[in-house]
Structures are given as structure tokens and as C-alpha cells.
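Trainee: Below you'll find the structure I mean.
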Amino acid sequence: MRRAATRLAALAQTGLTYAANAYDADRYQQAGRLAAELLSAISGRPADELAVELGRDSGYATPKVDVRGVVFDERERVLLMQERLDGHWSVPGGWADPGDSPSSAVVREVLEETGYRSSVVKLISCWDRDVQGNTPPLPVHVYKLFFLCRTDGAAQPAQPLETLAVGWFGLDELPPLSLGRVNPRQLARALAHHRDPTLPTEFD
């Protein structure tokens, strides 16, 4: 049902973009409101809050792109940052900004959120967030691009607006993860690519 509501919201957004008259626009606005109410019933979040969130986008509706940079050290520890929003831990990353290439976006995110300069080794995956089971569900469709990166030089302080702390962790000693951003399965797949960079990019 959530996928159907998300698609209804996307149709409403696209319809508003190309509506030929005020009557069509009104119908698509009603469809968007219905989508918010459906998503509210599923998630328990207020419909008004979801309507505002859905209304931030305009134009033809497309999936949002989340980039994540995964860095391992020589002991196969992964670089994680503690999110200020929820207090849990994640690999650095976030929404790709217009004008950025995916690789430059992830290099910027790693620097801002951990203080480490880095370079991209390879694209690990282009994953559908819904298929990957990242929680909680979102009212928009998201593609998650995971990049294997390596550090270039010493670290500087991370930006405090988003990051509470930075650390290196073995996959058998992970702190509480921010599961909407990364989950243990995704980290395990990233480690497999670190061990063998010739593995093909994953699509799911």
C-alpha cells in the first residue's frame, strides 16, 4: 500500500506540473492530499506534515538520489559518523545536490561529515531503498548509490552541524546504526567489494 500511495503522490506532482486548467490542477491537488492521508494511515505521521513534505518537490516526479561513501582502513574497520538528527551512526552521505556529479557529491559528504579527504574507488551499488529494507519508510522513492572510497591524507574536524562524533568500527562491533541511511547487510556487501574491487556493481 505504501508503494501505491507513493506512486499516487508522484502522479499528483507530475499532474500539477502539466495541468491544462484550474479544474485539472484541483483534481491533482486532491490526489496529492489523498496520497498524504494514505501515507499517514500507514506510518502514523500527521497527514498535514506529509503533505508539506510531499509538496517540497515540483516538476516531473523522479526518485531522489542518496549518495553514501564507504571507507575501510587496513584493519577492515569502516568509517562511521554519528548523526546529530537521531544520535545513531552511519556511513557519511546524503541527498545529491543539483550540479554535483555523484562522485563529487559523495567526496564532499565524506569531507563534511567526517573531516577526511577521500577519492572514489568504485561504485558499489545502485540500490532501491524499499527493496533494501531501510527503515523507516519514506513518502518518496529513493535510489541509494554506495561508493567505495579511500582516504587521502589526515583528517580535519568534521562539520558540527550534522556530526556528533566520528569513529572506525569493525563490522562485528558496530554501534547502533541509523537504519534509514545504512544497514548491516549493506555494510557487509561494501566490505566484500573492499576485499575484491573487481566485483561488479550491484543493482537492486
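Chain labels run A, B, ... following the order of the C-alpha cells; each chain numbers its residues from 1, and ligands are numbered from 1 in the order shown.
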Fewer than 3 positions away in the same chain doesn't count, so skip those; otherwise give me all residues within 10 Å of Leu138 (chain A), counting only C-alpha atoms, as a list in words.

Mentor: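 The contact residues come out as Arg2, Arg3, Thr6, Leu39, Ser43, Leu50, Arg129, Asp130, Asn134, Thr135, His141, Val142 and Gly180 of chain A.
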
Trainee: Would you mind listing what lies within 10 Å of Val107 (chain A) as number ranges by chain, with only C-alpha atoms counted and same-chain residues fewer than 4 positions away left out?

Mentor: A: 67-69, 92-93, 102-103, 111-112, 116-120, 147, 149-151

Trainee: Residues of region 63-89 of chain A that have any atom at most 8 Å from an atom of region 188-199 of chain A: could you tabulate them with the shortest-distance atom pair and the distance in Å to one decimal, using only C-alpha atoms, ordered by chain and increasing number, as a tab-separated table?

Mentor:
```
residue	atom	partner	partner_atom	distance
A:Val70	CA	A:Ala190	CA	7.0
A:Phe72	CA	A:His194	CA	7.4
A:Glu76	CA	A:Leu191	CA	7.6
```

Trainee: Do a neighbour search on Met81 (chain A) at 12 Å with only C-alpha atoms, toss out local chain neighbours closer than 2 positions, and write the hits as number ranges by chain.

Mentor: A: 68-71, 78-79, 83-93, 109-116, 157-160, 162-169, 174-178, 181-182

Trainee: Could you check the closest approach to Leu38 (chain A) for each of A:Arg185, A:Arg77, A:Lys122, A:Arg7 and tell me which residue wins, using only C-alpha atoms?

Mentor: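 Counting only C-alpha atoms, the residue closest to Leu38 (chain A) is A:Arg7.
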
Trainee: Which residues are close to Leu123 (chain A), i.e. within 7 Å by only C-alpha atoms, leaving aside same-chain residues fewer than 4 positions away? Reply as an NGL selection string.

Mentor: :A and (146-148 or 201)

Trainee: Using backbone DSSP assignments, extract all strand (DSSP E or B) residues from region 29-135 of chain A; output them as a CSV table (one decimal) with N, CA and C atoms, in the first residue's frame.

Mentor:
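See result.csv below for the written result:
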```
chain,number,residue,atom,x,y,z
A,64,LYS,N,14.5,10.3,-5.7
A,64,LYS,CA,15.6,11.1,-5.1
A,64,LYS,C,16.8,10.2,-5.0
A,65,VAL,N,18.0,10.9,-5.0
A,65,VAL,CA,19.2,10.1,-5.0
A,65,VAL,C,20.0,10.4,-3.7
A,66,ASP,N,20.3,9.3,-3.0
A,66,ASP,CA,21.1,9.4,-1.8
A,66,ASP,C,22.4,8.8,-2.1
A,67,VAL,N,23.5,9.5,-1.8
A,67,VAL,CA,24.9,9.0,-2.1
A,67,VAL,C,25.5,8.7,-0.7
A,68,ARG,N,26.2,7.6,-0.7
A,68,ARG,CA,26.9,7.1,0.6
A,68,ARG,C,28.3,6.7,0.3
A,69,GLY,N,29.3,7.2,1.1
A,69,GLY,CA,30.7,6.9,0.9
A,69,GLY,C,31.1,5.9,2.0
A,70,VAL,N,31.6,4.7,1.5
A,70,VAL,CA,32.1,3.7,2.5
A,70,VAL,C,33.6,3.6,2.4
A,71,VAL,N,34.3,3.8,3.6
A,71,VAL,CA,35.7,3.8,3.7
A,71,VAL,C,36.1,2.8,4.7
A,72,PHE,N,37.1,1.9,4.3
A,72,PHE,CA,37.6,0.9,5.2
A,72,PHE,C,39.1,1.2,5.4
A,78,VAL,N,35.3,0.1,9.3
A,78,VAL,CA,34.5,1.1,8.5
A,78,VAL,C,34.5,2.4,9.2
A,79,LEU,N,34.5,3.5,8.4
A,79,LEU,CA,34.5,4.9,8.9
A,79,LEU,C,33.0,5.2,9.1
A,80,LEU,N,32.6,5.6,10.3
A,80,LEU,CA,31.2,6.0,10.6
A,80,LEU,C,31.2,7.3,11.3
A,81,MET,N,30.0,8.0,11.1
A,81,MET,CA,29.8,9.3,11.8
A,81,MET,C,28.5,9.2,12.5
A,82,GLN,N,28.4,9.8,13.7
A,82,GLN,CA,27.2,9.8,14.5
A,82,GLN,C,26.3,11.0,14.1
A,83,GLU,N,25.1,10.6,13.6
A,83,GLU,CA,24.2,11.6,13.1
A,83,GLU,C,23.6,12.4,14.3
A,89,TRP,N,24.5,6.0,14.1
A,89,TRP,CA,25.7,6.0,13.3
A,89,TRP,C,25.4,5.6,11.8
A,90,SER,N,26.2,6.2,10.9
A,90,SER,CA,26.0,5.9,9.5
A,90,SER,C,27.3,6.1,8.8
A,93,GLY,N,27.1,10.6,4.0
A,93,GLY,CA,26.4,10.8,2.8
A,93,GLY,C,25.1,11.6,3.0
A,94,GLY,N,24.3,11.7,1.9
A,94,GLY,CA,23.1,12.5,2.0
A,94,GLY,C,22.6,12.6,0.6
A,95,TRP,N,21.6,13.5,0.4
A,95,TRP,CA,21.0,13.8,-0.9
A,95,TRP,C,22.0,14.4,-1.8
A,118,SER,N,38.9,12.3,0.6
A,118,SER,CA,38.8,11.0,0.1
A,118,SER,C,38.7,11.1,-1.5
A,119,SER,N,38.8,9.9,-2.1
A,119,SER,CA,38.6,9.8,-3.5
A,119,SER,C,37.8,8.5,-3.7
A,120,VAL,N,37.1,8.5,-4.8
A,120,VAL,CA,36.2,7.3,-5.1
A,120,VAL,C,37.0,6.2,-5.8
A,121,VAL,N,36.9,5.0,-5.3
A,121,VAL,CA,37.5,3.8,-5.9
A,121,VAL,C,36.5,3.2,-7.0
A,122,LYS,N,35.3,3.1,-6.6
A,122,LYS,CA,34.3,2.4,-7.5
A,122,LYS,C,32.9,2.7,-7.0
A,123,LEU,N,31.9,2.5,-7.9
A,123,LEU,CA,30.5,2.5,-7.5
A,123,LEU,C,30.2,1.0,-7.0
A,124,ILE,N,29.8,0.9,-5.8
A,124,ILE,CA,29.5,-0.4,-5.3
A,124,ILE,C,28.1,-0.9,-5.8
A,125,SER,N,27.1,0.1,-5.7
A,125,SER,CA,25.7,-0.3,-5.9
A,125,SER,C,24.9,0.9,-6.3
A,126,CYS,N,23.8,0.6,-7.0
A,126,CYS,CA,22.7,1.5,-7.1
A,126,CYS,C,21.5,0.7,-6.6
A,127,TRP,N,21.1,1.0,-5.4
A,127,TRP,CA,20.0,0.2,-4.7
A,127,TRP,C,18.7,0.9,-4.5
A,128,ASP,N,17.6,0.2,-4.7
A,128,ASP,CA,16.3,0.8,-4.4
A,128,ASP,C,16.1,0.7,-2.9
```

Trainee: Would you list, as a PyMOL selection string, the residues of region 7-142 of chain A that end up in helix (DSSP H, G or I) under DSSP run on this structure's backbone?

Mentor: chain A and resi 7-18+22-43+47-54+102-114+129-132

Trainee: For Gln13 (chain A), list every protein, DNA or RNA residue within 7 Å, evaluated using only C-alpha atoms, and leave out those in the same chain fewer than 4 positions away; present the list as a PyMOL selection string.

Mentor: chain A and resi 9+17+58-61

Trainee: What is the distance between CA of Ala5 (chain A) and CA of Pro137 (chain A), in Å to one decimal?

Mentor: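 For CA of Ala5 (chain A) relative to CA of Pro137 (chain A), the distance reads 11.8 Å.
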
Trainee: Between A:Thr62, A:Gln186, A:Gly133, A:Val140, which one has atoms that come closest to Ala35 (chain A), using only C-alpha atoms?

Mentor: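 Distance minimum relative to Ala35 (chain A) lands on A:Val140.
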
Trainee: Have a look at A:Asp204, A:Asp97, A:Glu49, A:Glu173 and name the one nearest to Tyr143 (chain A); count only C-alpha atoms.

Mentor: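 The closest residue to Tyr143 (chain A) is A:Asp204.
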